[in-house]
$ cat start.cif   # mmCIF, C-alpha atoms
data_start
#
loop_
_atom_site.label_atom_id
_atom_site.label_comp_id
_atom_site.auth_asym_id
_atom_site.auth_seq_id
_atom_site.Cartn_x
_atom_site.Cartn_y
_atom_site.Cartn_z
CA MET A 1 123.58 171.89 99.46
CA VAL A 2 120.40 172.98 97.76
CA ASN A 3 117.61 170.42 97.73
CA ARG A 4 116.39 170.05 94.19
CA ALA A 5 113.32 168.33 92.81
CA VAL A 6 111.92 167.58 89.39
CA VAL A 7 108.16 168.20 89.32
CA LEU A 8 105.83 166.90 86.62
CA LEU A 9 103.62 169.84 85.73
CA SER A 10 100.68 169.35 83.38
CA GLY A 11 98.97 172.67 84.08
CA GLY A 12 96.00 171.06 85.81
CA LEU A 13 95.09 171.66 89.41
CA ASP A 14 96.65 168.51 90.85
CA SER A 15 100.11 169.13 89.40
CA ALA A 16 99.97 172.84 90.28
CA THR A 17 99.18 171.97 93.90
CA THR A 18 101.98 169.40 93.88
CA LEU A 19 104.44 172.05 92.70
CA TYR A 20 103.44 174.37 95.55
CA ILE A 21 103.89 171.51 98.02
CA ALA A 22 107.30 170.61 96.56
CA LYS A 23 108.57 174.18 96.53
CA GLN A 24 108.17 174.44 100.29
CA LYS A 25 111.26 172.24 100.64
CA PHE A 26 112.91 172.04 97.21
CA ARG A 27 114.17 174.22 94.41
CA CYS A 28 112.05 172.83 91.58
CA LEU A 29 112.57 172.12 87.91
CA CYS A 30 109.17 171.67 86.29
CA LEU A 31 108.86 169.28 83.36
CA ILE A 32 106.06 170.15 80.98
CA PHE A 33 105.24 167.58 78.30
CA ASP A 34 104.03 168.33 74.82
CA TYR A 35 102.94 164.82 73.81
CA GLY A 36 100.36 165.68 71.18
CA GLN A 37 97.54 166.18 73.68
CA ARG A 38 94.45 167.82 72.23
CA HIS A 39 94.27 170.27 75.16
CA LYS A 40 97.52 172.03 74.27
CA LYS A 41 96.16 174.90 76.28
CA GLU A 42 97.38 173.14 79.42
CA ILE A 43 100.97 173.73 78.27
CA ALA A 44 100.50 177.51 78.36
CA ALA A 45 98.83 177.11 81.76
CA ALA A 46 101.77 175.05 83.04
CA LYS A 47 104.29 177.68 81.96
CA LYS A 48 102.30 180.39 83.71
CA ILE A 49 102.13 178.36 86.93
CA ALA A 50 105.85 177.54 86.86
CA ARG A 51 106.65 181.23 86.48
CA ALA A 52 104.17 182.25 89.20
CA SER A 53 105.82 179.78 91.58
CA GLY A 54 109.29 181.12 90.79
CA SER A 55 110.45 177.74 89.42
CA ALA A 56 112.45 176.82 86.35
CA TYR A 57 110.76 174.73 83.69
CA ARG A 58 111.55 172.70 80.60
CA ILE A 59 109.20 171.70 77.85
CA VAL A 60 109.81 168.17 76.60
CA LYS A 61 108.34 167.36 73.22
CA LEU A 62 107.33 163.73 72.73
CA ASP A 63 106.36 162.75 69.25
CA LEU A 64 104.25 159.70 70.08
CA ASN A 65 101.09 160.07 67.94
CA LEU A 66 99.23 157.40 69.85
CA ALA A 67 96.09 156.33 68.06
CA SER A 68 94.22 154.62 70.89
CA SER A 69 93.56 157.54 73.23
CA SER A 70 91.00 160.29 72.81
CA LEU A 71 93.55 162.75 74.23
CA THR A 72 95.98 162.14 71.38
CA ASN A 73 93.58 161.14 68.60
CA LYS A 74 91.10 163.87 67.72
CA LYS A 75 88.87 161.40 65.92
CA ILE A 76 87.71 160.06 69.29
CA SER A 77 85.30 162.24 71.30
CA VAL A 78 86.19 163.13 74.91
CA LYS A 79 82.69 163.26 76.30
CA ARG A 80 82.14 161.92 79.80
CA SER A 81 83.02 158.24 79.94
CA LYS A 82 80.98 155.34 81.25
CA ALA A 83 82.31 152.49 83.39
CA GLY A 84 85.90 151.20 83.31
CA ILE A 85 89.12 152.88 82.27
CA PRO A 86 88.05 155.71 79.96
CA HIS A 87 89.11 156.46 76.38
CA THR A 88 91.13 159.43 77.67
CA TYR A 89 93.64 156.90 79.02
CA VAL A 90 97.03 157.43 77.34
CA PRO A 91 98.98 154.13 77.31
CA GLY A 92 101.98 154.28 79.61
CA ARG A 93 101.83 158.04 80.03
CA ASN A 94 102.87 158.34 83.66
CA THR A 95 105.58 155.72 83.19
CA ILE A 96 107.09 157.76 80.36
CA PHE A 97 106.79 161.02 82.30
CA LEU A 98 108.28 159.53 85.48
CA SER A 99 111.14 157.88 83.58
CA ILE A 100 112.11 161.16 81.98
CA ALA A 101 111.75 162.95 85.32
CA LEU A 102 114.02 160.34 86.91
CA SER A 103 116.57 160.85 84.14
CA PHE A 104 116.56 164.62 84.59
CA ALA A 105 116.70 164.23 88.38
CA GLU A 106 119.81 162.12 88.13
CA ASP A 107 121.31 164.43 85.53
CA ILE A 108 120.90 167.60 87.64
CA LYS A 109 121.58 165.80 90.93
CA ALA A 110 118.08 166.32 92.28
CA GLN A 111 116.98 164.32 95.31
CA ALA A 112 113.33 163.97 94.42
CA VAL A 113 110.66 163.62 91.77
CA PHE A 114 107.10 164.82 92.41
CA ILE A 115 103.94 163.76 90.60
CA GLY A 116 100.39 164.85 91.37
CA ALA A 117 98.78 161.45 90.89
CA ASN A 118 95.55 160.91 92.73
CA ALA A 119 93.66 157.70 93.37
CA ILE A 120 90.49 159.08 94.94
CA ASP A 121 88.68 161.50 92.59
CA PHE A 122 90.23 160.09 89.42
CA SER A 123 89.36 158.38 86.17
CA GLY A 124 90.61 154.92 87.12
CA TYR A 125 93.85 155.10 85.13
CA PRO A 126 96.06 152.16 86.15
CA ASP A 127 99.12 154.40 86.49
CA CYS A 128 97.50 156.52 89.19
CA ARG A 129 97.15 153.74 91.76
CA PRO A 130 99.31 153.38 94.90
CA ALA A 131 100.51 149.87 93.89
CA TYR A 132 101.86 151.32 90.64
CA TYR A 133 103.89 153.92 92.57
CA ARG A 134 105.28 151.27 94.90
CA ALA A 135 106.50 149.39 91.80
CA PHE A 136 107.93 152.55 90.26
CA ARG A 137 109.88 153.36 93.44
CA GLU A 138 111.41 149.89 93.37
CA LEU A 139 112.31 150.38 89.71
CA ALA A 140 113.84 153.81 90.41
CA ARG A 141 115.99 152.28 93.13
CA LEU A 142 117.45 149.82 90.60
CA ALA A 143 117.46 152.00 87.48
CA THR A 144 119.89 154.72 88.41
CA ARG A 145 123.46 155.17 89.48
CA THR A 146 122.38 157.69 92.11
CA LYS A 147 120.74 155.79 94.91
CA GLY A 148 117.93 157.37 96.87
CA ILE A 149 116.08 159.58 94.38
CA LYS A 150 112.68 159.72 96.05
CA VAL A 151 109.39 159.66 94.16
CA TYR A 152 106.69 161.65 95.97
CA THR A 153 102.94 161.45 95.34
CA PRO A 154 101.66 163.92 97.93
CA LEU A 155 98.06 163.90 96.64
CA ILE A 156 97.60 160.19 96.17
CA ASN A 157 95.07 159.72 98.98
CA LEU A 158 93.39 163.14 99.03
CA THR A 159 89.98 163.99 97.66
CA LYS A 160 89.79 166.73 95.05
CA ALA A 161 88.26 169.00 97.70
CA GLN A 162 91.16 168.36 100.09
CA ILE A 163 93.66 169.05 97.29
CA ILE A 164 92.00 172.39 96.56
CA GLN A 165 91.83 173.36 100.24
CA LYS A 166 95.53 172.57 100.64
CA GLY A 167 96.35 174.51 97.47
CA ILE A 168 94.40 177.57 98.58
CA ARG A 169 96.45 177.66 101.80
CA LEU A 170 99.66 177.44 99.73
CA GLY A 171 98.62 180.18 97.31
CA VAL A 172 98.22 178.04 94.18
CA PRO A 173 96.94 180.30 91.35
CA TYR A 174 93.99 178.08 90.40
CA GLY A 175 92.77 180.74 87.98
CA SER A 176 95.82 179.93 85.86
CA THR A 177 95.32 176.15 85.88
CA TRP A 178 93.57 174.32 83.06
CA SER A 179 91.80 170.97 83.39
CA CYS A 180 89.34 170.60 80.50
CA TYR A 181 90.32 167.91 77.99
CA ARG A 182 88.69 169.83 75.16
CA GLY A 183 91.00 172.82 75.53
CA LYS A 184 88.63 175.37 74.03
CA SER A 185 88.35 178.95 75.31
CA TYR A 186 86.10 177.94 78.22
CA PRO A 187 85.83 174.64 80.17
CA CYS A 188 83.34 172.29 78.46
CA ASN A 189 81.84 171.07 81.72
CA ALA A 190 81.17 167.72 80.04
CA CYS A 191 84.45 165.78 80.13
CA ASP A 192 85.74 163.70 83.05
CA SER A 193 88.34 166.28 83.94
CA CYS A 194 85.77 169.10 84.18
CA PHE A 195 83.55 166.77 86.21
CA TYR A 196 86.16 166.07 88.90
CA ARG A 197 87.27 169.69 89.02
CA ALA A 198 83.71 170.99 89.53
CA LYS A 199 83.03 168.31 92.14
CA GLY A 200 86.19 169.30 94.01
CA PHE A 201 85.46 173.02 94.13
CA LYS A 202 81.86 172.33 95.11
CA GLU A 203 82.82 169.98 97.96
CA ALA A 204 85.51 172.39 99.13
CA GLY A 205 82.93 175.17 99.21
CA ILE A 206 85.17 177.37 97.06
CA LYS A 207 84.33 179.12 93.82
CA ASP A 208 86.47 177.98 90.86
CA PRO A 209 88.25 181.17 89.73
CA LEU A 210 88.23 179.83 86.17
CA ILE A 211 84.42 179.83 85.97
CA LYS A 212 83.08 183.30 85.28
CA MET B 1 95.64 137.09 65.25
CA VAL B 2 99.10 138.33 64.35
CA ASN B 3 101.62 138.33 67.17
CA ARG B 4 103.19 141.74 67.34
CA ALA B 5 106.20 143.00 69.25
CA VAL B 6 107.88 146.33 69.80
CA VAL B 7 111.67 145.98 69.56
CA LEU B 8 114.14 148.57 70.84
CA LEU B 9 116.70 148.94 68.08
CA SER B 10 119.82 151.03 68.64
CA GLY B 11 121.74 149.83 65.61
CA GLY B 12 124.35 148.00 67.67
CA LEU B 13 124.92 144.27 67.49
CA ASP B 14 122.93 143.35 70.60
CA SER B 15 119.72 145.04 69.50
CA ALA B 16 120.11 143.77 65.92
CA THR B 17 120.43 140.21 67.21
CA THR B 18 117.42 140.76 69.46
CA LEU B 19 115.36 141.89 66.47
CA TYR B 20 116.26 138.73 64.55
CA ILE B 21 115.30 136.61 67.57
CA ALA B 22 112.00 138.49 67.95
CA LYS B 23 111.07 138.27 64.28
CA GLN B 24 111.08 134.47 64.42
CA LYS B 25 107.79 134.66 66.31
CA PHE B 26 106.49 138.23 66.01
CA ARG B 27 105.75 140.90 63.46
CA CYS B 28 108.03 143.63 64.79
CA LEU B 29 107.82 147.38 65.09
CA CYS B 30 111.34 148.71 65.74
CA LEU B 31 111.71 151.84 67.86
CA ILE B 32 114.81 153.84 67.07
CA PHE B 33 115.66 156.69 69.43
CA ASP B 34 117.30 159.93 68.48
CA TYR B 35 118.15 161.20 71.97
CA GLY B 36 121.04 163.49 71.16
CA GLN B 37 123.63 160.68 71.20
CA ARG B 38 127.01 161.63 69.75
CA HIS B 39 127.10 158.48 67.62
CA LYS B 40 124.14 159.47 65.46
CA LYS B 41 125.55 157.07 62.95
CA GLU B 42 123.84 154.25 64.85
CA ILE B 43 120.46 155.67 63.79
CA ALA B 44 121.29 155.13 60.10
CA ALA B 45 122.54 151.64 61.01
CA ALA B 46 119.30 150.88 62.84
CA LYS B 47 117.16 151.91 59.88
CA LYS B 48 119.21 149.71 57.58
CA ILE B 49 118.85 146.71 59.92
CA ALA B 50 115.10 147.22 60.33
CA ARG B 51 114.70 147.29 56.54
CA ALA B 52 116.95 144.25 56.06
CA SER B 53 114.84 142.31 58.54
CA GLY B 54 111.61 143.28 56.80
CA SER B 55 110.29 145.10 59.88
CA ALA B 56 108.56 148.43 60.30
CA TYR B 57 110.31 151.12 62.30
CA ARG B 58 109.65 154.46 63.93
CA ILE B 59 112.17 157.07 64.90
CA VAL B 60 111.36 158.74 68.21
CA LYS B 61 113.10 162.03 68.86
CA LEU B 62 113.80 162.80 72.51
CA ASP B 63 115.02 166.25 73.25
CA LEU B 64 116.74 165.56 76.56
CA ASN B 65 120.13 167.34 76.34
CA LEU B 66 121.51 165.54 79.36
CA ALA B 67 124.72 167.14 80.58
CA SER B 68 126.13 164.35 82.73
CA SER B 69 126.79 161.64 80.10
CA SER B 70 129.63 161.53 77.61
CA LEU B 71 127.18 160.11 75.05
CA THR B 72 125.01 163.23 75.14
CA ASN B 73 127.60 165.85 76.12
CA LYS B 74 130.39 166.20 73.59
CA LYS B 75 132.56 168.04 76.11
CA ILE B 76 133.22 164.72 77.87
CA SER B 77 135.60 162.28 76.15
CA VAL B 78 134.43 158.69 75.50
CA LYS B 79 137.78 156.98 75.89
CA ARG B 80 137.81 153.60 77.60
CA SER B 81 136.58 153.94 81.17
CA LYS B 82 138.20 152.77 84.38
CA ALA B 83 136.38 151.05 87.25
CA GLY B 84 132.72 151.59 88.14
CA ILE B 85 129.79 152.75 86.04
CA PRO B 86 131.36 154.66 83.13
CA HIS B 87 130.76 158.22 81.94
CA THR B 88 128.91 156.83 78.92
CA TYR B 89 126.05 155.98 81.29
CA VAL B 90 122.92 157.93 80.25
CA PRO B 91 120.69 158.48 83.31
CA GLY B 92 117.50 156.48 83.07
CA ARG B 93 117.95 155.65 79.40
CA ASN B 94 116.57 152.12 79.35
CA THR B 95 113.69 153.12 81.62
CA ILE B 96 112.68 155.85 79.17
CA PHE B 97 113.08 153.56 76.15
CA LEU B 98 111.14 150.72 77.77
CA SER B 99 108.36 153.04 78.93
CA ILE B 100 107.87 154.36 75.43
CA ALA B 101 108.05 150.83 74.02
CA LEU B 102 105.38 149.75 76.51
CA SER B 103 103.20 152.67 75.49
CA PHE B 104 103.50 151.82 71.78
CA ALA B 105 102.95 148.14 72.52
CA GLU B 106 99.68 148.90 74.25
CA ASP B 107 98.69 151.38 71.56
CA ILE B 108 99.18 148.92 68.67
CA LYS B 109 97.98 145.90 70.70
CA ALA B 110 101.37 144.18 70.68
CA GLN B 111 101.93 141.31 73.07
CA ALA B 112 105.62 141.86 73.70
CA VAL B 113 108.51 144.27 74.08
CA PHE B 114 112.08 143.17 73.30
CA ILE B 115 115.29 144.79 74.54
CA GLY B 116 118.83 143.57 73.90
CA ALA B 117 120.16 144.25 77.37
CA ASN B 118 123.10 142.17 78.41
CA ALA B 119 124.61 141.70 81.86
CA ILE B 120 127.71 139.69 80.97
CA ASP B 121 129.96 141.60 78.54
CA PHE B 122 128.64 145.02 79.47
CA SER B 123 129.68 148.34 80.94
CA GLY B 124 128.01 147.89 84.33
CA TYR B 125 125.04 150.15 83.63
CA PRO B 126 122.46 149.66 86.41
CA ASP B 127 119.60 149.39 83.90
CA CYS B 128 121.12 146.31 82.24
CA ARG B 129 120.95 144.03 85.27
CA PRO B 130 118.44 141.18 85.69
CA ALA B 131 117.02 142.68 88.93
CA TYR B 132 116.18 145.85 87.06
CA TYR B 133 114.20 143.86 84.47
CA ARG B 134 112.33 141.97 87.16
CA ALA B 135 111.28 145.34 88.59
CA PHE B 136 110.32 146.67 85.16
CA ARG B 137 108.13 143.63 84.48
CA GLU B 138 106.30 144.21 87.74
CA LEU B 139 105.84 147.87 86.82
CA ALA B 140 104.58 146.96 83.34
CA ARG B 141 102.02 144.63 84.89
CA LEU B 142 100.60 147.53 86.92
CA ALA B 143 101.13 150.39 84.47
CA THR B 144 98.89 149.42 81.61
CA ARG B 145 95.28 148.63 80.89
CA THR B 146 96.32 145.66 78.76
CA LYS B 147 97.45 142.92 81.07
CA GLY B 148 100.17 140.57 79.99
CA ILE B 149 102.47 142.63 77.75
CA LYS B 150 105.69 140.62 78.12
CA VAL B 151 109.13 142.20 78.36
CA TYR B 152 111.80 139.95 76.84
CA THR B 153 115.57 140.25 77.36
CA PRO B 154 116.80 137.28 75.30
CA LEU B 155 120.49 138.23 75.56
CA ILE B 156 120.65 139.04 79.25
CA ASN B 157 122.81 136.07 80.24
CA LEU B 158 124.79 135.50 77.03
CA THR B 159 128.40 136.45 76.44
CA LYS B 160 129.12 138.73 73.49
CA ALA B 161 130.56 135.71 71.65
CA GLN B 162 127.37 133.70 72.21
CA ILE B 163 125.28 136.63 70.99
CA ILE B 164 127.31 136.85 67.78
CA GLN B 165 127.16 133.08 67.20
CA LYS B 166 123.39 133.14 67.64
CA GLY B 167 123.09 136.14 65.32
CA ILE B 168 125.18 134.54 62.62
CA ARG B 169 122.82 131.54 62.62
CA LEU B 170 119.86 133.92 62.30
CA GLY B 171 121.40 135.92 59.47
CA VAL B 172 121.92 139.20 61.32
CA PRO B 173 123.69 141.64 58.95
CA TYR B 174 126.51 142.54 61.36
CA GLY B 175 128.23 144.54 58.63
CA SER B 176 125.34 147.01 58.91
CA THR B 177 125.49 147.35 62.70
CA TRP B 178 127.34 150.17 64.42
CA SER B 179 128.73 150.01 67.95
CA CYS B 180 131.44 152.69 68.31
CA TYR B 181 130.48 155.54 70.64
CA ARG B 182 132.57 157.99 68.64
CA GLY B 183 130.53 157.52 65.46
CA LYS B 184 133.27 158.51 63.03
CA SER B 185 133.75 156.84 59.65
CA TYR B 186 135.58 153.87 61.16
CA PRO B 187 135.33 152.25 64.66
CA CYS B 188 137.75 153.97 67.06
CA ASN B 189 138.77 150.73 68.74
CA ALA B 190 139.31 152.68 71.97
CA CYS B 191 135.86 153.11 73.55
CA ASP B 192 134.08 150.56 75.76
CA SER B 193 131.66 149.64 73.02
CA CYS B 194 134.45 148.86 70.52
CA PHE B 195 136.22 146.90 73.25
CA TYR B 196 133.28 144.54 73.93
CA ARG B 197 132.51 144.15 70.24
CA ALA B 198 136.11 143.19 69.38
CA LYS B 199 136.26 140.82 72.35
CA GLY B 200 133.03 139.15 71.22
CA PHE B 201 134.10 138.56 67.63
CA LYS B 202 137.49 137.35 68.78
CA GLU B 203 136.02 134.85 71.26
CA ALA B 204 133.46 133.69 68.70
CA GLY B 205 136.27 133.09 66.22
CA ILE B 206 134.49 135.18 63.62
CA LYS B 207 135.82 138.14 61.66
CA ASP B 208 133.90 141.38 62.30
CA PRO B 209 132.57 142.34 58.84
CA LEU B 210 132.82 146.00 59.84
CA ILE B 211 136.61 145.83 60.23
CA LYS B 212 138.35 146.05 56.89
#
$ encode --input "start.cif" --output "C-alpha cells"
Amino acid sequence: MVNRAVVLLSGGLDSATTLYIAKQKFRCLCLIFDYGQRHKKEIAAAKKIARASGSAYRIVKLDLNLASSSLTNKKISVKRSKAGIPHTYVPGRNTIFLSIALSFAEDIKAQAVFIGANAIDFSGYPDCRPAYYRAFRELARLATRTKGIKVYTPLINLTKAQIIQKGIRLGVPYGSTWSCYRGKSYPCNACDSCFYRAKGFKEAGIKDPLIK
Amino acid sequence: MVNRAVVLLSGGLDSATTLYIAKQKFRCLCLIFDYGQRHKKEIAAAKKIARASGSAYRIVKLDLNLASSSLTNKKISVKRSKAGIPHTYVPGRNTIFLSIALSFAEDIKAQAVFIGANAIDFSGYPDCRPAYYRAFRELARLATRTKGIKVYTPLINLTKAQIIQKGIRLGVPYGSTWSCYRGKSYPCNACDSCFYRAKGFKEAGIKDPLIK
C-alpha cells in the first residue's frame, strides 16, 4: 500500500520545507488555498513548488472575505507589527485549513496530514502553538470514520535557521518560495514575514536566493 | 452591546430549529454551505428559513468534490443504509463547517456558534457525538485570539420528536425545511434523512407540513 499524505502548502518557506520532509515517506497531495489573501503571489509559488517536488496539488478556493485581518482586507496596512498577536492574524485560518486537509485525507485514504506550523520564529498566532495541535489531534481522532489519520507538525520546535538548513539538505527550491505579505514584485523587507525570513537566512549563514 | 451568533443552517429541520432557539437571545448570521451536495434544494430552503426568521445569511461555496460520500458523488446511491456509519457520511464535514463558523464569529465579534447536531435520532456520523463537541470546544478555546466564543449544540440530546415539538412552539416554518438527500420535487421517503424526519413527526403526533 502506498503511504499518502495531504500537505498544506502556502508557498512560503515553512510549508515548502514541510512538503520536502513529507515526501521522503509519503506520496503527497498538496492543498493550496486561495482565501482572498492579498499576497496571491504565494499561490503561484506553491504551484511551482508542488511541481518541483513531483507532487499532485489542488487549489481550494475559500470565499471568506474576512474584514478583520490585514491579509484579507487591503484597507489595513501590513507593516511590521508591534506587541501581541498582529493584524495579519486570520481568524481560524489553520483550523479551516486543517479541517479541509483532514476531509481530503479521509476521502483519498491518506494516513497523514502535514502542516508547517512553527512556534519559535513566528508571529504569535494562537493556531501555531503546540497546545493547539494537541487539541486538533484529539479532535481529528473523534471527527472521522477512519481512525488514526496523523497530524504532523515537523517544524513546530525549530528555529527559522534550522528549518532552512534542513530544507537545503532536502533540496527545497527556496528561490521559488514566497513569504512577503505584500506580494509585490520584490519582497518588501518591512512586514513580519520578511523579517522572520531574513532573520532565518542570516542565522543559517545562507544567502536567500530570492534576494538579488 | 448586541449579542451575535453564527448559526450553521443546512435547511433541514434540526438546523432550522437551532436557528429559532439561537434567535431568542442572539442576532444571528446564518452560514449556508454549498459544498457540492446532491440535495442542492436544501440551500434554497435554508435561504427561505433565514429570511423567515429575520436573520442575515451568507452562502459559502466549498469546492471539495469529495468522491467517497454519496452526498457529494452522484454515482453512489443514497438509499437507506444498513449498519454502521452510512455512505452519506461526508468526511470531516462538521469540522469544516464549525471551523468556518468560528472564523466568521471571531471576524464579526460574535460570542457564539450554534450547530444543530443531534446524537439521538441520527445516522451515527462521528462528528455528531457529544465527545466530538467537547473536543471542538477545547480546540476553539485554543484556536482563536478572542477567548470565550461558545459552541452550542442545543439539540444534541433531544429525540427528533422533541426537536419538532420545541420548534413548533418557537414557530419554525417546517413547511419550508428540506431534509431528503435526493432533493427531488417531493421527499423520497426512502433515504435515512426522510426516515428520521417521518419518525420524528409521527412520534410528536404532528403532521409534516411538507407531506401533502
$ interface_residues --input "start.cif" --of "chain B" --to "chain A" --cutoff "7 Å" --atoms "all atoms listed in the file" --output "PDB file with C-alpha atoms, keeping the file's coordinate frame"
ATOM      1  CA  VAL B  60     111.360 158.740  68.210  1.00  0.00           C
ATOM      2  CA  LYS B  61     113.100 162.030  68.860  1.00  0.00           C
ATOM      3  CA  LEU B  62     113.800 162.800  72.510  1.00  0.00           C
ATOM      4  CA  ASP B  63     115.020 166.250  73.250  1.00  0.00           C
ATOM      5  CA  LEU B  66     121.510 165.540  79.360  1.00  0.00           C
ATOM      6  CA  ALA B  67     124.720 167.140  80.580  1.00  0.00           C
ATOM      7  CA  SER B  68     126.130 164.350  82.730  1.00  0.00           C
ATOM      8  CA  PRO B  91     120.690 158.480  83.310  1.00  0.00           C
ATOM      9  CA  GLY B  92     117.500 156.480  83.070  1.00  0.00           C
ATOM     10  CA  THR B  95     113.690 153.120  81.620  1.00  0.00           C
ATOM     11  CA  ILE B  96     112.680 155.850  79.170  1.00  0.00           C
ATOM     12  CA  SER B  99     108.360 153.040  78.930  1.00  0.00           C
ATOM     13  CA  ILE B 100     107.870 154.360  75.430  1.00  0.00           C
ATOM     14  CA  LEU B 102     105.380 149.750  76.510  1.00  0.00           C
ATOM     15  CA  SER B 103     103.200 152.670  75.490  1.00  0.00           C
ATOM     16  CA  GLU B 106      99.680 148.900  74.250  1.00  0.00           C
ATOM     17  CA  ASP B 107      98.690 151.380  71.560  1.00  0.00           C
ATOM     18  CA  PRO B 126     122.460 149.660  86.410  1.00  0.00           C
ATOM     19  CA  ASP B 127     119.600 149.390  83.900  1.00  0.00           C
ATOM     20  CA  TYR B 132     116.180 145.850  87.060  1.00  0.00           C
ATOM     21  CA  ALA B 135     111.280 145.340  88.590  1.00  0.00           C
ATOM     22  CA  PHE B 136     110.320 146.670  85.160  1.00  0.00           C
ATOM     23  CA  GLU B 138     106.300 144.210  87.740  1.00  0.00           C
ATOM     24  CA  LEU B 139     105.840 147.870  86.820  1.00  0.00           C
ATOM     25  CA  LEU B 142     100.600 147.530  86.920  1.00  0.00           C
ATOM     26  CA  ALA B 143     101.130 150.390  84.470  1.00  0.00           C
ATOM     27  CA  THR B 144      98.890 149.420  81.610  1.00  0.00           C
ATOM     28  CA  ARG B 145      95.280 148.630  80.890  1.00  0.00           C
TER      29      ARG B 145
END
$ resolve_selection --input "start.cif" --expression "the PyMOL selection byres ((chain A and resi 174) around 10)" --output "VMD selection string"
chain A and resid 11 to 14 16 to 17 45 49 164 167 to 168 171 to 173 175 to 178 208 to 210
$ closest_residue --input "start.cif" --among "A:Ala52, A:Val6, A:Ile120, A:Val113" --to "Ala161 (chain A)" --atoms "all atoms listed in the file"
A:Ile120
$ residues_around --input "start.cif" --residues "region 190-203 of chain A" --least-positions-apart "2" --cutoff "10 Å" --atoms "only C-alpha atoms" --output "PyMOL selection string"
chain A and resi 12-14+77-82+86+88+121-123+159-165+178-182+187-188+205-209+211
$ resolve_selection --input "start.cif" --expression "the PyMOL selection byres ((chain B and resi 22) around 10)" --output "ChimeraX atom specification"
/B:4-7,16-21,23-28,112-115,152,154
$ atom_distance --input "start.cif" --atom1 "CA of Leu31 (chain A)" --atom2 "CA of Ser10 (chain A)"
8.2 Å
$ atom_distance --input "start.cif" --atom1 "CA of Asn118 (chain B)" --atom2 "CA of Val151 (chain A)"
27.2 Å
$ atom_distance --input "start.cif" --atom1 "CA of Ser70 (chain B)" --atom2 "CA of His87 (chain B)"
5.6 Å
$ build_atoms --input "start.cif" --residues "region 152-167 of chain A" --atoms "N, CA and C atoms" --output "tab-separated table (two decimals), in the frame of the given file"
chain	number	residue	atom	x	y	z
A	152	TYR	N	107.77	161.22	95.07
A	152	TYR	CA	106.69	161.65	95.97
A	152	TYR	C	105.36	161.79	95.22
A	153	THR	N	104.32	161.30	95.85
A	153	THR	CA	102.94	161.45	95.34
A	153	THR	C	102.10	162.06	96.45
A	154	PRO	N	102.29	163.35	96.73
A	154	PRO	CA	101.66	163.92	97.93
A	154	PRO	C	100.13	163.98	97.90
A	155	LEU	N	99.53	163.80	96.73
A	155	LEU	CA	98.06	163.90	96.64
A	155	LEU	C	97.37	162.56	96.56
A	156	ILE	N	98.14	161.48	96.58
A	156	ILE	CA	97.60	160.19	96.17
A	156	ILE	C	96.32	159.80	96.92
A	157	ASN	N	96.25	160.14	98.21
A	157	ASN	CA	95.07	159.72	98.98
A	157	ASN	C	94.13	160.87	99.37
A	158	LEU	N	94.26	162.00	98.70
A	158	LEU	CA	93.39	163.14	99.03
A	158	LEU	C	92.20	163.19	98.07
A	159	THR	N	91.09	163.72	98.57
A	159	THR	CA	89.98	163.99	97.66
A	159	THR	C	90.30	165.27	96.90
A	160	LYS	N	89.57	165.50	95.82
A	160	LYS	CA	89.79	166.73	95.05
A	160	LYS	C	89.55	167.95	95.94
A	161	ALA	N	88.56	167.87	96.80
A	161	ALA	CA	88.26	169.00	97.70
A	161	ALA	C	89.45	169.26	98.64
A	162	GLN	N	90.01	168.19	99.19
A	162	GLN	CA	91.16	168.36	100.09
A	162	GLN	C	92.37	168.94	99.35
A	163	ILE	N	92.55	168.52	98.11
A	163	ILE	CA	93.66	169.05	97.29
A	163	ILE	C	93.48	170.56	97.13
A	164	ILE	N	92.27	170.96	96.79
A	164	ILE	CA	92.00	172.39	96.56
A	164	ILE	C	92.18	173.19	97.86
A	165	GLN	N	91.69	172.64	98.96
A	165	GLN	CA	91.83	173.36	100.24
A	165	GLN	C	93.30	173.54	100.61
A	166	LYS	N	94.09	172.50	100.38
A	166	LYS	CA	95.53	172.57	100.64
A	166	LYS	C	96.17	173.62	99.72
A	167	GLY	N	95.78	173.59	98.46
A	167	GLY	CA	96.35	174.51	97.47
A	167	GLY	C	96.02	175.97	97.78
